[in-house]
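Below is run_31.cif, which holds mmCIF, C-alpha atoms; chains and numbers go by the auth columns.
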data_structure
#
loop_
_atom_site.group_PDB
_atom_site.id
_atom_site.type_symbol
_atom_site.label_atom_id
_atom_site.label_comp_id
_atom_site.label_asym_id
_atom_site.label_seq_id
_atom_site.Cartn_x
_atom_site.Cartn_y
_atom_site.Cartn_z
_atom_site.B_iso_or_equiv
_atom_site.auth_seq_id
_atom_site.auth_asym_id
ATOM 1 C CA MET A 1 -4.419 12.231 -4.358 0.00 54 A
ATOM 2 C CA THR A 2 -5.363 8.543 -4.299 0.00 55 A
ATOM 3 C CA ASP A 3 -4.883 6.608 -1.076 0.00 56 A
ATOM 4 C CA LEU A 4 -1.836 4.302 -1.279 0.00 57 A
ATOM 5 C CA GLY A 5 -3.811 1.307 -0.017 0.00 58 A
ATOM 6 C CA ASP A 6 -6.409 1.808 -2.745 0.00 59 A
ATOM 7 C CA LEU A 7 -3.697 2.021 -5.400 0.00 60 A
ATOM 8 C CA VAL A 8 -2.015 -1.191 -4.254 0.00 61 A
ATOM 9 C CA ARG A 9 -5.324 -3.062 -4.254 0.00 62 A
ATOM 10 C CA GLU A 10 -6.392 -1.574 -7.601 0.00 63 A
ATOM 11 C CA ARG A 11 -3.189 -2.459 -9.449 0.00 64 A
ATOM 12 C CA ARG A 12 -3.382 -5.703 -11.385 0.00 65 A
ATOM 13 C CA SER A 13 -1.817 -7.303 -14.446 0.00 66 A
ATOM 14 C CA THR A 14 -3.738 -6.159 -17.518 0.00 67 A
ATOM 15 C CA ARG A 15 -3.845 -8.895 -20.138 0.00 68 A
ATOM 16 C CA LEU A 16 -5.613 -7.070 -22.948 0.00 69 A
ATOM 17 C CA PHE A 17 -5.437 -3.367 -23.768 0.00 70 A
ATOM 18 C CA LEU A 18 -7.326 -0.950 -25.984 0.00 71 A
ATOM 19 C CA ARG A 19 -4.903 -0.992 -28.916 0.00 72 A
ATOM 20 C CA ASP A 20 -6.207 2.191 -30.538 0.00 73 A
ATOM 21 C CA LYS A 21 -6.357 4.357 -27.405 0.00 74 A
ATOM 22 C CA PRO A 22 -2.983 6.120 -27.176 0.00 75 A
ATOM 23 C CA VAL A 23 -1.243 7.032 -23.944 0.00 76 A
ATOM 24 C CA ALA A 24 -0.408 10.720 -23.523 0.00 77 A
ATOM 25 C CA ARG A 25 3.330 11.346 -23.179 0.00 78 A
ATOM 26 C CA GLU A 26 2.561 13.710 -20.308 0.00 79 A
ATOM 27 C CA LEU A 27 1.127 10.855 -18.234 0.00 80 A
ATOM 28 C CA LEU A 28 4.164 8.695 -18.903 0.00 81 A
ATOM 29 C CA ASP A 29 6.519 11.523 -17.967 0.00 82 A
ATOM 30 C CA GLU A 30 4.664 12.112 -14.675 0.00 83 A
ATOM 31 C CA ALA A 31 4.686 8.430 -13.739 0.00 84 A
ATOM 32 C CA LEU A 32 8.360 8.017 -14.659 0.00 85 A
ATOM 33 C CA ALA A 33 9.357 11.079 -12.644 0.00 86 A
ATOM 34 C CA LEU A 34 7.717 9.549 -9.572 0.00 87 A
ATOM 35 C CA ALA A 35 9.308 6.158 -10.189 0.00 88 A
ATOM 36 C CA MET A 36 12.730 7.803 -10.318 0.00 89 A
ATOM 37 C CA ARG A 37 12.286 8.524 -6.595 0.00 90 A
ATOM 38 C CA ALA A 38 12.626 4.796 -5.842 0.00 91 A
ATOM 39 C CA PRO A 39 15.513 3.844 -3.528 0.00 92 A
ATOM 40 C CA SER A 40 18.635 2.110 -4.793 0.00 93 A
ATOM 41 C CA ASN A 41 22.019 0.987 -3.471 0.00 94 A
ATOM 42 C CA SER A 42 24.330 4.030 -3.199 0.00 95 A
ATOM 43 C CA ASN A 43 21.775 5.938 -5.298 0.00 96 A
ATOM 44 C CA ILE A 44 23.151 4.448 -8.514 0.00 97 A
ATOM 45 C CA GLN A 45 19.599 4.200 -9.936 0.00 98 A
ATOM 46 C CA PRO A 46 20.348 0.993 -11.873 0.00 99 A
ATOM 47 C CA TRP A 47 17.157 0.828 -13.921 0.00 100 A
ATOM 48 C CA ARG A 48 17.137 1.476 -17.657 0.00 101 A
ATOM 49 C CA LEU A 49 13.861 1.581 -19.555 0.00 102 A
ATOM 50 C CA PHE A 50 13.382 1.503 -23.333 0.00 103 A
ATOM 51 C CA LEU A 51 9.870 2.442 -24.481 0.00 104 A
ATOM 52 C CA ALA A 52 8.343 1.945 -27.918 0.00 105 A
ATOM 53 C CA SER A 53 5.069 3.171 -29.394 0.00 106 A
ATOM 54 C CA GLY A 54 3.649 3.799 -32.837 0.00 107 A
ATOM 55 C CA PRO A 55 5.413 2.220 -35.849 0.00 108 A
ATOM 56 C CA ARG A 56 8.498 1.278 -33.783 0.00 109 A
ATOM 57 C CA ARG A 57 6.334 -0.706 -31.387 0.00 110 A
ATOM 58 C CA ASP A 58 4.515 -2.365 -34.307 0.00 111 A
ATOM 59 C CA ARG A 59 7.735 -3.474 -35.995 0.00 112 A
ATOM 60 C CA LEU A 60 9.020 -4.888 -32.716 0.00 113 A
ATOM 61 C CA VAL A 61 5.800 -6.828 -32.160 0.00 114 A
ATOM 62 C CA GLU A 62 5.912 -8.192 -35.710 0.00 115 A
ATOM 63 C CA ALA A 63 9.439 -9.512 -35.147 0.00 116 A
ATOM 64 C CA LEU A 64 8.634 -10.999 -31.730 0.00 117 A
ATOM 65 C CA LEU A 65 5.490 -12.744 -32.989 0.00 118 A
ATOM 66 C CA ALA A 66 7.330 -14.150 -36.010 0.00 119 A
ATOM 67 C CA GLU A 67 9.846 -15.799 -33.672 0.00 120 A
ATOM 68 C CA ALA A 68 7.353 -16.938 -31.017 0.00 121 A
ATOM 69 C CA SER A 69 5.032 -18.410 -33.666 0.00 122 A
ATOM 70 C CA LEU A 70 7.736 -20.863 -34.710 0.00 123 A
ATOM 71 C CA GLU A 71 8.063 -22.292 -31.205 0.00 124 A
ATOM 72 C CA LEU A 72 7.019 -20.857 -27.873 0.00 125 A
ATOM 73 C CA PRO A 73 10.080 -20.310 -25.666 0.00 126 A
ATOM 74 C CA VAL A 74 10.476 -21.807 -22.219 0.00 127 A
ATOM 75 C CA THR A 75 10.305 -18.767 -19.952 0.00 128 A
ATOM 76 C CA THR A 76 9.546 -20.255 -16.561 0.00 129 A
ATOM 77 C CA GLY A 77 12.779 -20.742 -14.599 0.00 130 A
ATOM 78 C CA ILE A 78 10.622 -21.528 -11.577 0.00 131 A
ATOM 79 C CA PRO A 79 11.849 -24.301 -9.215 0.00 132 A
ATOM 80 C CA GLU A 80 9.667 -27.389 -9.145 0.00 133 A
ATOM 81 C CA ALA A 81 8.491 -26.712 -5.587 0.00 134 A
ATOM 82 C CA TYR A 82 6.840 -23.478 -6.761 0.00 135 A
ATOM 83 C CA LEU A 83 5.236 -24.805 -9.947 0.00 136 A
ATOM 84 C CA PRO A 84 1.846 -25.497 -8.272 0.00 137 A
ATOM 85 C CA LEU A 85 1.451 -21.742 -7.728 0.00 138 A
ATOM 86 C CA ARG A 86 2.175 -21.103 -11.401 0.00 139 A
ATOM 87 C CA GLN A 87 -0.347 -23.762 -12.391 0.00 140 A
ATOM 88 C CA GLU A 88 -2.932 -22.284 -10.049 0.00 141 A
ATOM 89 C CA LEU A 89 -2.473 -18.862 -11.603 0.00 142 A
ATOM 90 C CA GLY A 90 -2.698 -20.332 -15.105 0.00 143 A
ATOM 91 C CA GLY A 91 -5.976 -21.997 -14.220 0.00 144 A
ATOM 92 C CA LEU A 92 -7.395 -18.718 -12.935 0.00 145 A
ATOM 93 C CA VAL A 93 -6.241 -16.651 -15.908 0.00 146 A
ATOM 94 C CA TYR A 94 -7.241 -19.088 -18.644 0.00 147 A
ATOM 95 C CA GLY A 95 -10.447 -19.921 -16.799 0.00 148 A
ATOM 96 C CA SER A 96 -11.426 -16.249 -16.711 0.00 149 A
ATOM 97 C CA MET A 97 -10.956 -16.185 -20.493 0.00 150 A
ATOM 98 C CA GLY A 98 -13.105 -19.288 -20.937 0.00 151 A
ATOM 99 C CA ILE A 99 -10.166 -21.395 -22.156 0.00 152 A
ATOM 100 C CA ALA A 100 -10.325 -24.985 -20.921 0.00 153 A
ATOM 101 C CA ARG A 101 -7.205 -26.886 -19.825 0.00 154 A
ATOM 102 C CA HIS A 102 -7.398 -29.212 -22.856 0.00 155 A
ATOM 103 C CA ASP A 103 -7.889 -26.342 -25.347 0.00 156 A
ATOM 104 C CA GLN A 104 -4.323 -26.222 -26.675 0.00 157 A
ATOM 105 C CA ASP A 105 -5.141 -23.907 -29.595 0.00 158 A
ATOM 106 C CA GLY A 106 -6.893 -21.435 -27.320 0.00 159 A
ATOM 107 C CA ARG A 107 -3.986 -21.451 -24.897 0.00 160 A
ATOM 108 C CA ARG A 108 -1.448 -20.946 -27.663 0.00 161 A
ATOM 109 C CA LEU A 109 -3.312 -17.930 -29.058 0.00 162 A
ATOM 110 C CA ALA A 110 -3.538 -16.460 -25.557 0.00 163 A
ATOM 111 C CA GLN A 111 0.183 -17.062 -24.983 0.00 164 A
ATOM 112 C CA LEU A 112 1.134 -15.359 -28.244 0.00 165 A
ATOM 113 C CA ARG A 113 -0.517 -12.160 -27.000 0.00 166 A
ATOM 114 C CA ASN A 114 2.459 -11.866 -24.645 0.00 167 A
ATOM 115 C CA TRP A 115 4.692 -10.931 -27.576 0.00 168 A
ATOM 116 C CA GLU A 116 2.374 -8.216 -28.800 0.00 169 A
ATOM 117 C CA PHE A 117 2.415 -6.631 -25.331 0.00 170 A
ATOM 118 C CA PHE A 118 -1.209 -7.733 -24.956 0.00 171 A
ATOM 119 C CA ARG A 119 -1.980 -5.158 -27.687 0.00 172 A
ATOM 120 C CA ALA A 120 -0.865 -2.267 -25.478 0.00 173 A
ATOM 121 C CA PRO A 121 0.046 0.877 -27.448 0.00 174 A
ATOM 122 C CA VAL A 122 3.236 1.265 -25.387 0.00 175 A
ATOM 123 C CA GLY A 123 5.709 -1.569 -24.983 0.00 176 A
ATOM 124 C CA ALA A 124 8.712 -1.181 -22.706 0.00 177 A
ATOM 125 C CA VAL A 125 11.794 -3.214 -21.878 0.00 178 A
ATOM 126 C CA VAL A 126 13.418 -3.059 -18.438 0.00 179 A
ATOM 127 C CA CYS A 127 17.206 -3.460 -18.289 0.00 180 A
ATOM 128 C CA MET A 128 20.136 -3.255 -15.885 0.00 181 A
ATOM 129 C CA HIS A 129 23.885 -3.010 -16.504 0.00 182 A
ATOM 130 C CA ARG A 130 25.444 -6.448 -16.785 0.00 183 A
ATOM 131 C CA ASP A 131 28.077 -5.674 -14.116 0.00 184 A
ATOM 132 C CA LEU A 132 25.448 -5.108 -11.428 0.00 185 A
ATOM 133 C CA GLY A 133 24.099 -7.821 -9.147 0.00 186 A
ATOM 134 C CA VAL A 134 21.237 -8.970 -6.955 0.00 187 A
ATOM 135 C CA VAL A 135 21.267 -5.945 -4.660 0.00 188 A
ATOM 136 C CA ASP A 136 20.907 -3.633 -7.638 0.00 189 A
ATOM 137 C CA ALA A 137 18.153 -5.796 -9.101 0.00 190 A
ATOM 138 C CA LEU A 138 16.238 -4.979 -5.909 0.00 191 A
ATOM 139 C CA GLY A 139 16.536 -1.316 -6.864 0.00 192 A
ATOM 140 C CA VAL A 140 15.138 -2.042 -10.333 0.00 193 A
ATOM 141 C CA GLY A 141 12.244 -3.877 -8.708 0.00 194 A
ATOM 142 C CA MET A 142 11.453 -0.942 -6.430 0.00 195 A
ATOM 143 C CA PHE A 143 11.555 1.411 -9.421 0.00 196 A
ATOM 144 C CA LEU A 144 9.235 -0.869 -11.351 0.00 197 A
ATOM 145 C CA GLN A 145 6.705 -1.211 -8.516 0.00 198 A
ATOM 146 C CA THR A 146 6.665 2.552 -8.008 0.00 199 A
ATOM 147 C CA LEU A 147 6.098 3.006 -11.734 0.00 200 A
ATOM 148 C CA LEU A 148 3.208 0.533 -11.751 0.00 201 A
ATOM 149 C CA LEU A 149 1.475 2.366 -8.910 0.00 202 A
ATOM 150 C CA ALA A 150 2.055 5.750 -10.558 0.00 203 A
ATOM 151 C CA LEU A 151 0.531 4.432 -13.801 0.00 204 A
ATOM 152 C CA THR A 152 -2.420 3.006 -11.880 0.00 205 A
ATOM 153 C CA GLU A 153 -2.996 6.391 -10.222 0.00 206 A
ATOM 154 C CA ARG A 154 -3.292 7.907 -13.701 0.00 207 A
ATOM 155 C CA GLY A 155 -5.886 5.407 -14.873 0.00 208 A
ATOM 156 C CA LEU A 156 -3.441 3.320 -16.896 0.00 209 A
ATOM 157 C CA GLY A 157 -3.067 -0.438 -16.894 0.00 210 A
ATOM 158 C CA SER A 158 0.203 -2.323 -16.987 0.00 211 A
ATOM 159 C CA CYS A 159 1.654 -5.813 -17.074 0.00 212 A
ATOM 160 C CA VAL A 160 5.184 -6.901 -16.219 0.00 213 A
ATOM 161 C CA GLN A 161 6.207 -9.575 -18.735 0.00 214 A
ATOM 162 C CA VAL A 162 9.008 -12.070 -18.208 0.00 215 A
ATOM 163 C CA SER A 163 8.183 -13.582 -21.603 0.00 216 A
ATOM 164 C CA ILE A 164 9.459 -10.520 -23.491 0.00 217 A
ATOM 165 C CA ALA A 165 12.999 -11.193 -22.228 0.00 218 A
ATOM 166 C CA ALA A 166 13.072 -14.515 -24.113 0.00 219 A
ATOM 167 C CA TYR A 167 14.255 -12.719 -27.261 0.00 220 A
ATOM 168 C CA PRO A 168 16.925 -10.233 -26.150 0.00 221 A
ATOM 169 C CA GLU A 169 18.602 -9.965 -29.558 0.00 222 A
ATOM 170 C CA ILE A 170 15.339 -8.928 -31.233 0.00 223 A
ATOM 171 C CA LEU A 171 14.822 -6.316 -28.523 0.00 224 A
ATOM 172 C CA ARG A 172 18.370 -5.019 -28.953 0.00 225 A
ATOM 173 C CA ALA A 173 18.007 -4.748 -32.715 0.00 226 A
ATOM 174 C CA HIS A 174 14.707 -2.856 -32.618 0.00 227 A
ATOM 175 C CA LEU A 175 15.257 -0.653 -29.567 0.00 228 A
ATOM 176 C CA GLY A 176 18.989 -0.015 -29.736 0.00 229 A
ATOM 177 C CA ILE A 177 19.677 -1.609 -26.353 0.00 230 A
ATOM 178 C CA PRO A 178 23.473 -1.673 -25.804 0.00 231 A
ATOM 179 C CA ASP A 179 25.193 -5.015 -25.190 0.00 232 A
ATOM 180 C CA GLU A 180 26.286 -3.970 -21.705 0.00 233 A
ATOM 181 C CA PHE A 181 22.678 -4.013 -20.483 0.00 234 A
ATOM 182 C CA THR A 182 20.944 -7.203 -19.372 0.00 235 A
ATOM 183 C CA VAL A 183 17.319 -7.483 -20.471 0.00 236 A
ATOM 184 C CA LEU A 184 15.225 -8.250 -17.385 0.00 237 A
ATOM 185 C CA CYS A 185 11.591 -8.103 -18.501 0.00 238 A
ATOM 186 C CA GLY A 186 9.037 -6.338 -20.610 0.00 239 A
ATOM 187 C CA LEU A 187 6.296 -3.933 -19.556 0.00 240 A
ATOM 188 C CA ALA A 188 3.005 -3.301 -21.340 0.00 241 A
ATOM 189 C CA ILE A 189 1.334 0.080 -20.742 0.00 242 A
ATOM 190 C CA GLY A 190 -2.045 1.326 -21.896 0.00 243 A
ATOM 191 C CA TYR A 191 -5.736 1.448 -21.119 0.00 244 A
ATOM 192 C CA PRO A 192 -7.305 -1.879 -20.090 0.00 245 A
ATOM 193 C CA ASP A 193 -10.018 -3.337 -22.314 0.00 246 A
ATOM 194 C CA PRO A 194 -13.060 -3.266 -19.992 0.00 247 A
ATOM 195 C CA ALA A 195 -14.756 -6.075 -21.926 0.00 248 A
ATOM 196 C CA PHE A 196 -11.935 -8.568 -21.316 0.00 249 A
ATOM 197 C CA PRO A 197 -12.809 -10.779 -18.313 0.00 250 A
ATOM 198 C CA ALA A 198 -9.224 -11.473 -17.216 0.00 251 A
ATOM 199 C CA ASN A 199 -8.684 -7.758 -16.610 0.00 252 A
ATOM 200 C CA THR A 200 -10.953 -7.889 -13.560 0.00 253 A
ATOM 201 C CA LEU A 201 -9.275 -10.967 -12.100 0.00 254 A
ATOM 202 C CA THR A 202 -7.940 -10.577 -8.571 0.00 255 A
ATOM 203 C CA THR A 203 -5.245 -13.155 -7.893 0.00 256 A
ATOM 204 C CA PRO A 204 -4.897 -14.586 -4.386 0.00 257 A
ATOM 205 C CA ARG A 205 -2.058 -13.756 -2.007 0.00 258 A
ATOM 206 C CA ASN A 206 -0.598 -15.749 0.861 0.00 259 A
ATOM 207 C CA PRO A 207 -1.427 -14.851 4.441 0.00 260 A
ATOM 208 C CA VAL A 208 1.300 -12.558 5.793 0.00 261 A
ATOM 209 C CA ALA A 209 2.415 -15.281 8.212 0.00 262 A
ATOM 210 C CA ASP A 210 3.378 -17.556 5.296 0.00 263 A
ATOM 211 C CA ASN A 211 6.044 -15.129 4.119 0.00 264 A
ATOM 212 C CA VAL A 212 6.988 -13.017 7.128 0.00 265 A
ATOM 213 C CA VAL A 213 8.722 -14.078 10.353 0.00 266 A
ATOM 214 C CA PHE A 214 8.650 -11.871 13.439 0.00 267 A
ATOM 215 C CA VAL A 215 11.620 -12.625 15.679 0.00 268 A
ATOM 216 C CA GLU A 216 11.088 -11.303 19.208 0.00 269 A
#
Could the structure of this file be written out as C-alpha cells, please?
Amino acid sequence: MTDLGDLVRERRSTRLFLRDKPVARELLDEALALAMRAPSNSNIQPWRLFLASGPRRDRLVEALLAEASLELPVTTGIPEAYLPLRQELGGLVYGSMGIARHDQDGRRLAQLRNWEFFRAPVGAVVCMHRDLGVVDALGVGMFLQTLLLALTERGLGSCVQVSIAAYPEILRAHLGIPDEFTVLCGLAIGYPDPAFPANTLTTPRNPVADNVVFVE
C-alpha cells in the first residue's frame, strides 16, 4: 500500500503518453471501484464517465483533431485576475518542452495534442446530469481526484483536460453521451512517456496561508 502523501506528491498531469502501451482493463476496474467510494451529496453519485480505447478512441481523436485544426477553440473561462497564473503555467509547460514564447507553430502543435488525449491509449469524458448544480459538481470533483490517485497508485499517468469539453457534440456522437448529461472535461489515461520532459514537471502551489483562513 502506497502512502497517501507520496501518492499526492507523485500525481501530476501527464502531457505525453506511450501510445502503443495498452492499459489493462483490470487496472481501470480497480481504480474506478476505489473512486466510486468518493463522497457526494445525499449519495447520489453524480459522476458519469465514458471511456474509449482502441478503434473507438482513434475515431474520436480523428474527429476532434479535424475540428481543432480548423481553429483552436477558446477554452479558458478564467477571470482576468487569475490569468497571470495561467500564463505562468504555460511558460513552465512550454519551456520544459523547449518551445519559446514566440514559437507559434510549436505552440500550436503542442496545443493540438490536447485533442488526441496526449496520445493516451484511453480517453475518457467526465459528465454530470444537466439538472444537477454546484454542490453535485463538488462530488464529481472528489470522484475524479480519487480516481487520479488510484491510477497513480497503479503506475498509470493521467491528465484532466478542460479542452476536450470544447466539442460536446462530437463527444456525444462518438461516445453515445445522452443529451441530459453536461460534458465537464476529458481525462487521458495511460503510461507516461519517460522521455518527454514535461512529464517530470512539478508545478508550484501557493502557501497554505494564501488559500486557507483559520478563524479562532
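The interatomic distance for the pair atom CA of Glu83 of chain A and atom CA of Leu201 of chain A works out to 12.0 Å.
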Exercise for review: Write out as a PyMOL selection string the residues lying within 6 Å of segment 210-216 of chain A, counting only C-alpha atoms and excluding same-chain residues fewer than 3 positions away.
Suggested key: chain A and resi 66-67+128+219+238-245
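With all atoms listed in the file as the atoms that count, the residue of A:Leu202, A:Leu254, A:Leu136, A:Leu85 with the shortest distance to Phe103 of chain A is A:Leu85.
Taking only C-alpha atoms into account, Asp189 of chain A lies nearest to A:Ala91 out of the set A:Ala173, A:Ala262, A:Ala91, A:Leu104.
With distances taken over all atoms listed in the file, A:Leu237 is the one residue among A:Leu237, A:Leu142, A:Ile131, A:Val61 lying closest to Ala190 of chain A.
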Practice item. Figure out the distance between atom CA of Ile217 of chain A and atom CA of Asn167 of chain A, please, to one decimal in Å. Key: 7.2 Å
Review point. If you count all atoms listed in the file, which residues fall within 8 Å of Met150 of chain A, apart from same-chain ones fewer than 6 positions away, as a PyMOL selection string?
Key: chain A and resi 249-251
Draw an axis-aligned box over all listed atoms of segment 237-245 of chain A, pad each side with 5 Å, and write its centre and edge lengths in Å, one decimal, as lines of an AutoDock Vina configuration file.
center_x = 4.0
center_y = -3.4
center_z = -19.6
size_x = 32.5
size_y = 19.7
size_z = 14.5
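Among the candidate residues A:Leu204, A:Val188, A:Val175, A:Leu57, the one lying nearest to Asp111 of chain A is A:Val175, with distances computed using all atoms listed in the file.
The space between atom CA of Leu113 of chain A and atom CA of Thr253 of chain A spans 27.8 Å.
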Exercise for review: Carefully work through the PyMOL selection byres ((chain A and resi 110) around 10) for this structure and note down the residues it includes, as a PyMOL selection string.
Suggested key: chain A and resi 104-109+111-115+169-170+173-177+227-228
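Minimum atom-to-atom distance to Gly58 of chain A, evaluated using only C-alpha atoms, belongs to A:Glu206 out of A:Leu71, A:Trp100, A:Glu206, A:Ser149.
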Revision key, fill the gap. With distances taken over all atoms listed in the file, the candidate from A:Pro137, A:Ala116, A:Asn94, A:Arg207 nearest Ile223 of chain A is A:Ala116
Rebuild segment 137-154 of chain A to N, CA, C and O atoms - output it as a PDB file, in the frame of the given file, please.
ATOM      1  N   PRO A 137       3.290 -25.492  -8.535  1.00  0.00           N
ATOM      2  CA  PRO A 137       1.846 -25.497  -8.272  1.00  0.00           C
ATOM      3  C   PRO A 137       1.231 -24.095  -8.236  1.00  0.00           C
ATOM      4  O   PRO A 137       0.083 -23.909  -8.661  1.00  0.00           O
ATOM      5  N   LEU A 138       1.976 -23.113  -7.750  1.00  0.00           N
ATOM      6  CA  LEU A 138       1.451 -21.742  -7.728  1.00  0.00           C
ATOM      7  C   LEU A 138       1.294 -21.199  -9.147  1.00  0.00           C
ATOM      8  O   LEU A 138       0.313 -20.524  -9.468  1.00  0.00           O
ATOM      9  N   ARG A 139       2.271 -21.520 -10.001  1.00  0.00           N
ATOM     10  CA  ARG A 139       2.175 -21.103 -11.401  1.00  0.00           C
ATOM     11  C   ARG A 139       0.974 -21.763 -12.077  1.00  0.00           C
ATOM     12  O   ARG A 139       0.233 -21.124 -12.838  1.00  0.00           O
ATOM     13  N   GLN A 140       0.777 -23.035 -11.801  1.00  0.00           N
ATOM     14  CA  GLN A 140      -0.347 -23.762 -12.391  1.00  0.00           C
ATOM     15  C   GLN A 140      -1.683 -23.224 -11.886  1.00  0.00           C
ATOM     16  O   GLN A 140      -2.655 -23.120 -12.639  1.00  0.00           O
ATOM     17  N   GLU A 141      -1.714 -22.867 -10.604  1.00  0.00           N
ATOM     18  CA  GLU A 141      -2.932 -22.284 -10.049  1.00  0.00           C
ATOM     19  C   GLU A 141      -3.275 -20.970 -10.727  1.00  0.00           C
ATOM     20  O   GLU A 141      -4.423 -20.710 -11.093  1.00  0.00           O
ATOM     21  N   LEU A 142      -2.243 -20.135 -10.923  1.00  0.00           N
ATOM     22  CA  LEU A 142      -2.473 -18.862 -11.603  1.00  0.00           C
ATOM     23  C   LEU A 142      -2.933 -19.087 -13.038  1.00  0.00           C
ATOM     24  O   LEU A 142      -3.860 -18.420 -13.511  1.00  0.00           O
ATOM     25  N   GLY A 143      -2.294 -20.035 -13.732  1.00  0.00           N
ATOM     26  CA  GLY A 143      -2.698 -20.332 -15.105  1.00  0.00           C
ATOM     27  C   GLY A 143      -4.149 -20.751 -15.192  1.00  0.00           C
ATOM     28  O   GLY A 143      -4.883 -20.332 -16.093  1.00  0.00           O
ATOM     29  N   GLY A 144      -4.580 -21.573 -14.237  1.00  0.00           N
ATOM     30  CA  GLY A 144      -5.976 -21.997 -14.220  1.00  0.00           C
ATOM     31  C   GLY A 144      -6.919 -20.823 -14.040  1.00  0.00           C
ATOM     32  O   GLY A 144      -7.983 -20.756 -14.681  1.00  0.00           O
ATOM     33  N   LEU A 145      -6.551 -19.888 -13.169  1.00  0.00           N
ATOM     34  CA  LEU A 145      -7.395 -18.718 -12.935  1.00  0.00           C
ATOM     35  C   LEU A 145      -7.453 -17.821 -14.169  1.00  0.00           C
ATOM     36  O   LEU A 145      -8.537 -17.372 -14.573  1.00  0.00           O
ATOM     37  N   VAL A 146      -6.293 -17.564 -14.769  1.00  0.00           N
ATOM     38  CA  VAL A 146      -6.241 -16.651 -15.908  1.00  0.00           C
ATOM     39  C   VAL A 146      -6.953 -17.239 -17.118  1.00  0.00           C
ATOM     40  O   VAL A 146      -7.821 -16.599 -17.723  1.00  0.00           O
ATOM     41  N   TYR A 147      -6.601 -18.477 -17.483  1.00  0.00           N
ATOM     42  CA  TYR A 147      -7.241 -19.088 -18.644  1.00  0.00           C
ATOM     43  C   TYR A 147      -8.726 -19.354 -18.378  1.00  0.00           C
ATOM     44  O   TYR A 147      -9.547 -19.227 -19.283  1.00  0.00           O
ATOM     45  N   GLY A 148      -9.046 -19.710 -17.142  1.00  0.00           N
ATOM     46  CA  GLY A 148     -10.447 -19.921 -16.799  1.00  0.00           C
ATOM     47  C   GLY A 148     -11.268 -18.656 -16.962  1.00  0.00           C
ATOM     48  O   GLY A 148     -12.404 -18.694 -17.449  1.00  0.00           O
ATOM     49  N   SER A 149     -10.695 -17.514 -16.572  1.00  0.00           N
ATOM     50  CA  SER A 149     -11.426 -16.249 -16.711  1.00  0.00           C
ATOM     51  C   SER A 149     -11.662 -15.898 -18.173  1.00  0.00           C
ATOM     52  O   SER A 149     -12.592 -15.165 -18.508  1.00  0.00           O
ATOM     53  N   MET A 150     -10.800 -16.428 -19.059  1.00  0.00           N
ATOM     54  CA  MET A 150     -10.956 -16.185 -20.493  1.00  0.00           C
ATOM     55  C   MET A 150     -11.803 -17.257 -21.173  1.00  0.00           C
ATOM     56  O   MET A 150     -11.990 -17.228 -22.382  1.00  0.00           O
ATOM     57  N   GLY A 151     -12.281 -18.220 -20.379  1.00  0.00           N
ATOM     58  CA  GLY A 151     -13.105 -19.288 -20.937  1.00  0.00           C
ATOM     59  C   GLY A 151     -12.322 -20.302 -21.731  1.00  0.00           C
ATOM     60  O   GLY A 151     -12.876 -20.985 -22.598  1.00  0.00           O
ATOM     61  N   ILE A 152     -11.018 -20.441 -21.444  1.00  0.00           N
ATOM     62  CA  ILE A 152     -10.166 -21.395 -22.156  1.00  0.00           C
ATOM     63  C   ILE A 152      -9.948 -22.610 -21.267  1.00  0.00           C
ATOM     64  O   ILE A 152      -9.356 -22.505 -20.188  1.00  0.00           O
ATOM     65  N   ALA A 153     -10.427 -23.758 -21.710  1.00  0.00           N
ATOM     66  CA  ALA A 153     -10.325 -24.985 -20.921  1.00  0.00           C
ATOM     67  C   ALA A 153      -8.885 -25.508 -20.925  1.00  0.00           C
ATOM     68  O   ALA A 153      -8.089 -25.185 -21.815  1.00  0.00           O
ATOM     69  N   ARG A 154      -8.557 -26.354 -19.953  1.00  0.00           N
ATOM     70  CA  ARG A 154      -7.205 -26.886 -19.825  1.00  0.00           C
ATOM     71  C   ARG A 154      -6.782 -27.663 -21.069  1.00  0.00           C
ATOM     72  O   ARG A 154      -5.616 -27.629 -21.478  1.00  0.00           O
TER      73      ARG A 154
END
